[in-house]
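What's in my_file24.txt: compact mmCIF, C-alpha atoms
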```txt
# COMPACT_ATOMS: atom_id res chain seq x y z
CA MET W 34 156.92 -39.09 -179.03
CA GLU W 35 159.88 -41.27 -179.85
CA ARG W 36 160.42 -45.02 -179.53
CA ALA W 37 162.45 -44.53 -176.32
CA ASP W 38 159.45 -42.81 -174.70
CA ILE W 39 157.25 -45.91 -174.89
CA ALA W 40 158.82 -47.41 -171.77
CA TYR W 41 157.65 -44.34 -169.83
CA LYS W 42 154.13 -44.67 -171.21
CA VAL W 43 153.98 -48.32 -170.14
CA LYS W 44 155.29 -47.50 -166.67
CA TRP W 45 152.92 -44.58 -166.15
CA PHE W 46 149.78 -46.21 -167.56
CA ASN W 47 150.40 -49.29 -165.41
CA ASP W 48 150.74 -47.18 -162.24
CA PRO W 49 147.45 -47.60 -160.33
CA ASP W 50 147.38 -43.92 -159.29
CA VAL W 51 147.78 -42.72 -162.87
CA ASN W 52 145.52 -45.42 -164.28
CA LYS W 53 142.55 -44.46 -162.11
CA THR W 54 142.16 -41.29 -164.22
CA LEU W 55 142.23 -43.19 -167.53
CA PHE W 56 139.87 -45.49 -169.42
CA ILE W 57 142.47 -48.22 -169.96
CA THR W 58 141.74 -51.44 -168.11
CA GLU W 59 144.46 -53.77 -169.37
CA LYS W 60 148.08 -53.66 -168.31
CA LEU W 61 150.36 -52.40 -171.03
CA GLU W 62 153.25 -54.60 -172.13
CA LEU W 63 156.43 -53.06 -173.48
CA ASN W 64 156.75 -55.30 -176.57
CA ARG W 65 153.13 -54.81 -177.65
CA SER W 66 153.37 -51.07 -176.96
CA LEU W 67 156.48 -50.83 -179.14
CA GLU W 68 154.61 -52.66 -181.93
CA TRP W 69 151.71 -50.20 -181.52
CA PHE W 70 154.16 -47.28 -181.71
CA GLU W 71 155.69 -48.51 -184.98
CA LYS W 72 152.24 -48.92 -186.54
CA SER W 73 150.93 -45.58 -185.29
CA ARG W 74 153.92 -43.44 -186.31
CA ASN W 75 152.47 -42.79 -189.77
CA ASP W 76 148.83 -42.64 -188.71
CA ALA W 77 147.48 -39.27 -189.86
CA SER W 78 144.56 -39.54 -187.44
CA ARG W 79 146.76 -39.01 -184.39
CA ARG W 80 149.67 -36.99 -182.99
CA ASP W 81 151.45 -38.16 -179.84
CA PHE W 82 153.69 -35.99 -177.68
CA VAL W 83 155.86 -36.33 -174.59
CA ILE W 84 155.61 -33.74 -171.85
CA GLU W 85 159.00 -32.80 -170.45
CA SER W 86 160.03 -30.86 -167.38
CA LYS W 87 162.02 -27.66 -167.82
CA GLU W 88 165.12 -29.83 -167.36
CA GLY W 89 164.10 -32.10 -170.24
CA LYS W 90 162.93 -35.05 -168.12
CA PRO W 91 159.93 -36.94 -169.59
CA ILE W 92 157.04 -36.57 -167.13
CA GLY W 93 153.89 -37.30 -169.14
CA ILE W 94 152.22 -37.78 -172.47
CA MET W 95 149.47 -36.11 -174.43
CA ALA W 96 147.91 -36.70 -177.79
CA PHE W 97 145.35 -35.84 -180.37
CA VAL W 98 143.48 -38.95 -181.51
CA HIS W 99 140.66 -39.42 -184.01
CA ILE W 100 141.78 -36.35 -185.95
CA ASP W 101 139.02 -35.57 -188.43
CA ALA W 102 140.38 -33.26 -191.13
CA VAL W 103 136.99 -32.86 -192.82
CA ASN W 104 135.17 -31.69 -189.70
CA GLN W 105 138.32 -30.13 -188.19
CA THR W 106 137.84 -31.92 -184.87
CA THR W 107 139.91 -34.16 -182.66
CA GLU W 108 139.87 -35.85 -179.28
CA CYS W 109 142.69 -35.03 -176.88
CA TYR W 110 144.14 -36.59 -173.77
CA CYS W 111 146.89 -35.67 -171.36
CA ALA W 112 148.43 -37.65 -168.52
CA ILE W 113 151.16 -36.50 -166.15
CA GLY W 114 152.76 -39.83 -165.31
CA ASP W 115 155.53 -38.69 -162.98
CA LYS W 116 153.70 -38.08 -159.70
CA GLU W 117 156.48 -35.76 -158.50
CA TYR W 118 155.01 -33.21 -160.96
CA TRP W 119 151.36 -33.54 -159.95
CA GLY W 120 149.62 -30.43 -158.65
CA LYS W 121 152.15 -28.02 -160.14
CA GLY W 122 150.08 -26.68 -163.02
CA ILE W 123 151.95 -28.69 -165.65
CA GLY W 124 148.79 -30.38 -166.91
CA THR W 125 147.17 -26.99 -167.40
CA GLU W 126 150.20 -25.68 -169.28
CA ALA W 127 150.39 -28.85 -171.39
CA HIS W 128 146.72 -28.59 -172.36
CA LEU W 129 147.22 -24.92 -173.25
CA LEU W 130 150.17 -25.67 -175.51
CA LEU W 131 148.46 -28.68 -177.09
CA ALA W 132 145.29 -26.74 -177.89
CA ASP W 133 147.21 -23.80 -179.33
CA TRP W 134 149.35 -26.13 -181.45
CA GLY W 135 146.31 -28.02 -182.72
CA PHE W 136 144.36 -24.92 -183.68
CA LYS W 137 147.34 -23.38 -185.46
CA ASN W 138 149.02 -26.42 -187.02
CA LEU W 139 146.12 -28.75 -187.72
CA GLY W 140 143.56 -26.07 -188.53
CA LEU W 141 141.17 -27.45 -185.92
CA HIS W 142 137.82 -25.91 -185.15
CA LYS W 143 137.07 -28.06 -182.08
CA ILE W 144 138.99 -30.16 -179.58
CA TRP W 145 137.03 -32.52 -177.36
CA ALA W 146 137.70 -35.05 -174.62
CA ASP W 147 135.93 -37.62 -172.53
CA ILE W 148 136.71 -37.47 -168.82
CA ARG W 149 135.75 -39.77 -166.01
CA ALA W 150 132.96 -37.99 -164.12
CA ASP W 151 134.74 -38.67 -160.83
CA ASN W 152 137.84 -36.74 -161.98
CA ALA W 153 136.77 -33.28 -160.74
CA ALA W 154 140.36 -31.95 -160.81
CA ILE W 155 140.80 -32.36 -164.57
CA ILE W 156 137.34 -30.95 -165.24
CA LYS W 157 138.38 -27.78 -163.36
CA VAL W 158 141.68 -27.60 -165.25
CA THR W 159 139.97 -27.87 -168.62
CA GLU W 160 137.29 -25.30 -167.71
CA ARG W 161 140.07 -22.78 -166.89
CA LEU W 162 141.35 -23.32 -170.43
CA GLY W 163 137.94 -22.64 -171.95
CA PHE W 164 136.54 -26.14 -172.38
CA LYS W 165 132.80 -26.40 -171.84
CA VAL W 166 130.96 -29.40 -170.46
CA GLU W 167 128.81 -30.59 -173.35
CA GLY W 168 127.07 -33.39 -171.51
CA THR W 169 127.28 -36.48 -169.39
CA LEU W 170 127.30 -39.90 -170.99
CA ARG W 171 125.55 -41.91 -168.31
CA GLU W 172 127.07 -45.28 -167.41
CA GLU W 173 129.12 -45.05 -170.62
CA LYS W 174 132.12 -47.14 -169.58
CA TYR W 175 132.51 -50.41 -167.74
CA LEU W 176 135.64 -50.21 -165.59
CA ASN W 177 136.73 -52.31 -162.63
CA SER W 178 133.44 -54.20 -162.54
CA LYS W 179 131.21 -51.14 -162.44
CA ARG W 180 129.56 -48.67 -164.80
CA ILE W 181 130.85 -45.09 -164.72
CA ASP W 182 129.62 -41.81 -166.15
CA VAL W 183 131.74 -39.93 -168.66
CA VAL W 184 131.75 -36.15 -169.07
CA ARG W 185 132.20 -34.89 -172.63
CA ILE W 186 133.96 -31.53 -172.88
CA GLY W 187 134.62 -29.40 -175.93
CA LEU W 188 136.71 -26.38 -176.84
CA LEU W 189 136.05 -24.23 -179.89
CA ARG W 190 138.85 -22.25 -181.50
CA HIS W 191 137.18 -18.85 -181.05
CA GLU W 192 136.40 -19.57 -177.39
CA PHE W 193 140.00 -20.58 -176.74
CA TYR W 194 141.52 -17.46 -178.27
CA ALA W 195 138.92 -15.23 -176.60
CA MET W 196 140.20 -16.58 -173.26
CA HIS W 197 143.86 -16.55 -174.33
CA PRO W 198 144.29 -13.54 -176.68
CA GLU W 199 148.03 -13.49 -175.99
CA LEU W 200 148.33 -16.67 -178.10
CA LYS W 201 146.65 -15.36 -181.29
```
With the file now loaded, output its structure as structure tokens.
Amino acid sequence: MERADIAYKVKWFNDPDVNKTLFITEKLELNRSLEWFEKSRNDASRRDFVIESKEGKPIGIMAFVHIDAVNQTTECYCAIGDKEYWGKGIGTEAHLLLADWGFKNLGLHKIWADIRADNAAIIKVTERLGFKVEGTLREEKYLNSKRIDVVRIGLLRHEFYAMHPELK
């Protein structure tokens, strides 16, 4: 991710359709997001990426956050912000590339994520990649004046490469 990409992140995360799949409740502001970007650029506990179309157009973002080098674990997230690209398998491909990169370049043993329980589409996408549902965190988050359940998923390196041997 580069400084110029932050405007896309702000636009996408503030879009109500995109936002309803996220855990972010506040509206992002460009100036504050640029400040965050400058601070986070050298943060070893995260890696942020932009997802581009085949033509090079930014269409989403993904990241590893809370990278734990000792335990070789990290949380991931992915958001396709450009709705023109929804339902075209790009999220699946992005998750595949992100997981492969993390296992190979960061030496990860496990990648995990928290997903809104009402987001059945992303749960299906991640299961096709090899993620397993590890549990439900009941009423874990308070969003839009109500409590929601969160599904915790996890992907182990050996499970991922067993499902995707072509990437070894």
Show me, as a tab-separated table, the residues of stretch 113-170 of chain W having an atom within 10 Å of stretch 46-70 of chain W, each with the closest atom pair and its distance in Å, using only C-alpha atoms.
```
residue	atom	partner	partner_atom	distance
W:Ile113	CA	W:Val51	CA	7.8
W:Gly114	CA	W:Val51	CA	6.3
W:Asp115	CA	W:Val51	CA	8.7
W:Lys116	CA	W:Val51	CA	8.2
W:Asp147	CA	W:Phe56	CA	9.3
W:Ile148	CA	W:Leu55	CA	8.1
W:Arg149	CA	W:Thr54	CA	6.8
W:Ala150	CA	W:Thr54	CA	9.8
W:Asp151	CA	W:Thr54	CA	8.6
W:Asn152	CA	W:Thr54	CA	6.7
W:Ile155	CA	W:Thr54	CA	9.0
```
Who sits within 12 Å of W:Tyr118, all atoms listed in the file, same chain under 2 positions skipped, as a PDB file with C-alpha atoms, in the frame of the given file:
```pdb
ATOM      1  CA  ILE W  84     155.610 -33.740-171.850  1.00  0.00           C
ATOM      2  CA  GLU W  85     159.000 -32.800-170.450  1.00  0.00           C
ATOM      3  CA  SER W  86     160.030 -30.860-167.380  1.00  0.00           C
ATOM      4  CA  LYS W  87     162.020 -27.660-167.820  1.00  0.00           C
ATOM      5  CA  LYS W  90     162.930 -35.050-168.120  1.00  0.00           C
ATOM      6  CA  PRO W  91     159.930 -36.940-169.590  1.00  0.00           C
ATOM      7  CA  ILE W  92     157.040 -36.570-167.130  1.00  0.00           C
ATOM      8  CA  GLY W  93     153.890 -37.300-169.140  1.00  0.00           C
ATOM      9  CA  ALA W 112     148.430 -37.650-168.520  1.00  0.00           C
ATOM     10  CA  ILE W 113     151.160 -36.500-166.150  1.00  0.00           C
ATOM     11  CA  GLY W 114     152.760 -39.830-165.310  1.00  0.00           C
ATOM     12  CA  ASP W 115     155.530 -38.690-162.980  1.00  0.00           C
ATOM     13  CA  LYS W 116     153.700 -38.080-159.700  1.00  0.00           C
ATOM     14  CA  GLY W 120     149.620 -30.430-158.650  1.00  0.00           C
ATOM     15  CA  LYS W 121     152.150 -28.020-160.140  1.00  0.00           C
ATOM     16  CA  GLY W 122     150.080 -26.680-163.020  1.00  0.00           C
ATOM     17  CA  ILE W 123     151.950 -28.690-165.650  1.00  0.00           C
ATOM     18  CA  GLY W 124     148.790 -30.380-166.910  1.00  0.00           C
ATOM     19  CA  THR W 125     147.170 -26.990-167.400  1.00  0.00           C
TER      20      THR W 125
END
```
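Once all atoms listed in the file are considered, the residues situated within 7 Å of the file point (139.6, -32.5, -175.4) turn out to be Glu108, Cys109, Tyr110, Ile144, Trp145, Ala146, Asp147, Ile186, Gly187 and Leu188 of chain W.
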Problem set entry | Two-atom distance - atom CA of W:Leu131, atom CA of W:Met95 (Å) | 8.0 Å
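Using all atoms listed in the file, the smallest distance between any of W:Leu141, W:His128, W:Arg80, W:Trp119 and W:Asp101 comes from W:Leu141.
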How big is the axis-aligned box around the listed atoms of stretch 132-150 of chain W once 5 Å is added on each side, and where is its centre? Give both in Å to one decimal, as JSON.
```
{"center_x": 141.2, "center_y": -31.6, "center_z": -176.3, "size_x": 26.4, "size_y": 26.4, "size_z": 34.4}
```
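In terms of minimum interatomic distance to W:Ala40, W:Val83 ranks closest within W:Ile100, W:Val83, W:Glu167, W:Ala127, counting only C-alpha atoms.
If you look at atom CA of W:Ile94 and atom CA of W:Tyr41, they are 8.9 Å away from each other.
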Exercise. At a cut-off of 10 Å from (149.1, -23.7, -178.0) in the coordinates of the file, what residues are picked up using all atoms listed in the file, written as number ranges by chain?
Worked result: W: 126-138, 193-194, 197, 200-201
Restricting it to C-alpha atoms, dump the selection as an mmCIF file, keeping the file's coordinate frame.
```
data_model
loop_
_atom_site.group_PDB
_atom_site.id
_atom_site.type_symbol
_atom_site.label_atom_id
_atom_site.label_comp_id
_atom_site.auth_asym_id
_atom_site.auth_seq_id
_atom_site.Cartn_x
_atom_site.Cartn_y
_atom_site.Cartn_z
ATOM 1 C CA GLU W 126 150.200 -25.680 -169.280
ATOM 2 C CA ALA W 127 150.390 -28.850 -171.390
ATOM 3 C CA HIS W 128 146.720 -28.590 -172.360
ATOM 4 C CA LEU W 129 147.220 -24.920 -173.250
ATOM 5 C CA LEU W 130 150.170 -25.670 -175.510
ATOM 6 C CA LEU W 131 148.460 -28.680 -177.090
ATOM 7 C CA ALA W 132 145.290 -26.740 -177.890
ATOM 8 C CA ASP W 133 147.210 -23.800 -179.330
ATOM 9 C CA TRP W 134 149.350 -26.130 -181.450
ATOM 10 C CA GLY W 135 146.310 -28.020 -182.720
ATOM 11 C CA PHE W 136 144.360 -24.920 -183.680
ATOM 12 C CA LYS W 137 147.340 -23.380 -185.460
ATOM 13 C CA ASN W 138 149.020 -26.420 -187.020
ATOM 14 C CA PHE W 193 140.000 -20.580 -176.740
ATOM 15 C CA TYR W 194 141.520 -17.460 -178.270
ATOM 16 C CA HIS W 197 143.860 -16.550 -174.330
ATOM 17 C CA LEU W 200 148.330 -16.670 -178.100
ATOM 18 C CA LYS W 201 146.650 -15.360 -181.290
#
```
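The space between atom CA of W:Glu160 and atom CA of W:Asn177 spans 27.5 Å.
The smallest atom-to-atom distance between W:Met196 and any of W:His142, W:Val183, W:Arg161, W:Arg79, using only C-alpha atoms, is found for W:Arg161.
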Generate the missing atoms of stretch 42-74 of chain W up to N, CA and C atoms and report them as a short mmCIF file (atom, residue, chain, number, x, y, z; two decimals), in the frame of the given file.
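For reference, selection_22.cif as written:
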```cif
data_model
loop_
_atom_site.label_atom_id
_atom_site.label_comp_id
_atom_site.auth_asym_id
_atom_site.auth_seq_id
_atom_site.Cartn_x
_atom_site.Cartn_y
_atom_site.Cartn_z
N LYS W 42 155.59 -44.52 -171.07
CA LYS W 42 154.13 -44.67 -171.21
C LYS W 42 153.66 -45.95 -170.52
N VAL W 43 154.35 -47.04 -170.76
CA VAL W 43 153.98 -48.32 -170.14
C VAL W 43 154.05 -48.21 -168.62
N LYS W 44 155.13 -47.66 -168.12
CA LYS W 44 155.29 -47.50 -166.67
C LYS W 44 154.17 -46.64 -166.08
N TRP W 45 153.92 -45.50 -166.69
CA TRP W 45 152.92 -44.58 -166.15
C TRP W 45 151.52 -45.15 -166.24
N PHE W 46 151.14 -45.70 -167.40
CA PHE W 46 149.78 -46.21 -167.56
C PHE W 46 149.52 -47.43 -166.68
N ASN W 47 150.57 -48.14 -166.30
CA ASN W 47 150.40 -49.29 -165.41
C ASN W 47 150.42 -48.90 -163.94
N ASP W 48 150.77 -47.67 -163.63
CA ASP W 48 150.74 -47.18 -162.24
C ASP W 48 149.28 -47.02 -161.82
N PRO W 49 148.86 -47.67 -160.74
CA PRO W 49 147.45 -47.60 -160.33
C PRO W 49 146.95 -46.18 -160.07
N ASP W 50 147.80 -45.30 -159.55
CA ASP W 50 147.38 -43.92 -159.29
C ASP W 50 147.12 -43.16 -160.59
N VAL W 51 147.96 -43.37 -161.57
CA VAL W 51 147.78 -42.72 -162.87
C VAL W 51 146.59 -43.36 -163.58
N ASN W 52 146.54 -44.67 -163.55
CA ASN W 52 145.52 -45.42 -164.28
C ASN W 52 144.10 -45.09 -163.83
N LYS W 53 143.92 -44.71 -162.58
CA LYS W 53 142.55 -44.46 -162.11
C LYS W 53 141.94 -43.20 -162.73
N THR W 54 142.71 -42.44 -163.50
CA THR W 54 142.16 -41.29 -164.22
C THR W 54 141.92 -41.61 -165.69
N LEU W 55 142.30 -42.80 -166.12
CA LEU W 55 142.23 -43.19 -167.53
C LEU W 55 141.08 -44.17 -167.78
N PHE W 56 140.88 -44.51 -169.04
CA PHE W 56 139.87 -45.49 -169.42
C PHE W 56 140.49 -46.83 -169.78
N ILE W 57 141.77 -46.99 -169.58
CA ILE W 57 142.47 -48.22 -169.96
C ILE W 57 142.35 -49.22 -168.82
N THR W 58 141.92 -50.42 -169.15
CA THR W 58 141.74 -51.44 -168.11
C THR W 58 142.84 -52.50 -168.14
N GLU W 59 143.44 -52.72 -169.30
CA GLU W 59 144.46 -53.77 -169.37
C GLU W 59 145.84 -53.20 -169.05
N LYS W 60 146.70 -54.05 -168.55
CA LYS W 60 148.08 -53.66 -168.31
C LYS W 60 148.80 -53.57 -169.65
N LEU W 61 149.58 -52.53 -169.81
CA LEU W 61 150.36 -52.40 -171.03
C LEU W 61 151.62 -53.25 -170.92
N GLU W 62 152.01 -53.82 -172.05
CA GLU W 62 153.25 -54.60 -172.13
C GLU W 62 154.19 -53.86 -173.07
N LEU W 63 155.46 -53.83 -172.70
CA LEU W 63 156.43 -53.06 -173.48
C LEU W 63 156.48 -53.52 -174.94
N ASN W 64 156.61 -54.82 -175.19
CA ASN W 64 156.75 -55.30 -176.57
C ASN W 64 155.54 -54.94 -177.42
N ARG W 65 154.35 -55.14 -176.89
CA ARG W 65 153.13 -54.81 -177.65
C ARG W 65 153.01 -53.31 -177.85
N SER W 66 153.43 -52.53 -176.85
CA SER W 66 153.37 -51.07 -176.96
C SER W 66 154.36 -50.56 -178.00
N LEU W 67 155.52 -51.21 -178.10
CA LEU W 67 156.48 -50.83 -179.14
C LEU W 67 155.94 -51.17 -180.52
N GLU W 68 155.26 -52.30 -180.66
CA GLU W 68 154.61 -52.66 -181.93
C GLU W 68 153.56 -51.62 -182.29
N TRP W 69 152.73 -51.23 -181.30
CA TRP W 69 151.71 -50.20 -181.52
C TRP W 69 152.38 -48.91 -182.00
N PHE W 70 153.48 -48.52 -181.35
CA PHE W 70 154.16 -47.28 -181.71
C PHE W 70 154.61 -47.31 -183.17
N GLU W 71 155.21 -48.41 -183.60
CA GLU W 71 155.69 -48.51 -184.98
C GLU W 71 154.55 -48.39 -185.97
N LYS W 72 153.40 -48.99 -185.65
CA LYS W 72 152.24 -48.92 -186.54
C LYS W 72 151.63 -47.52 -186.55
N SER W 73 151.64 -46.86 -185.41
CA SER W 73 150.93 -45.58 -185.29
C SER W 73 151.76 -44.38 -185.75
N ARG W 74 153.04 -44.57 -185.95
CA ARG W 74 153.92 -43.44 -186.31
C ARG W 74 153.46 -42.70 -187.56
#
```
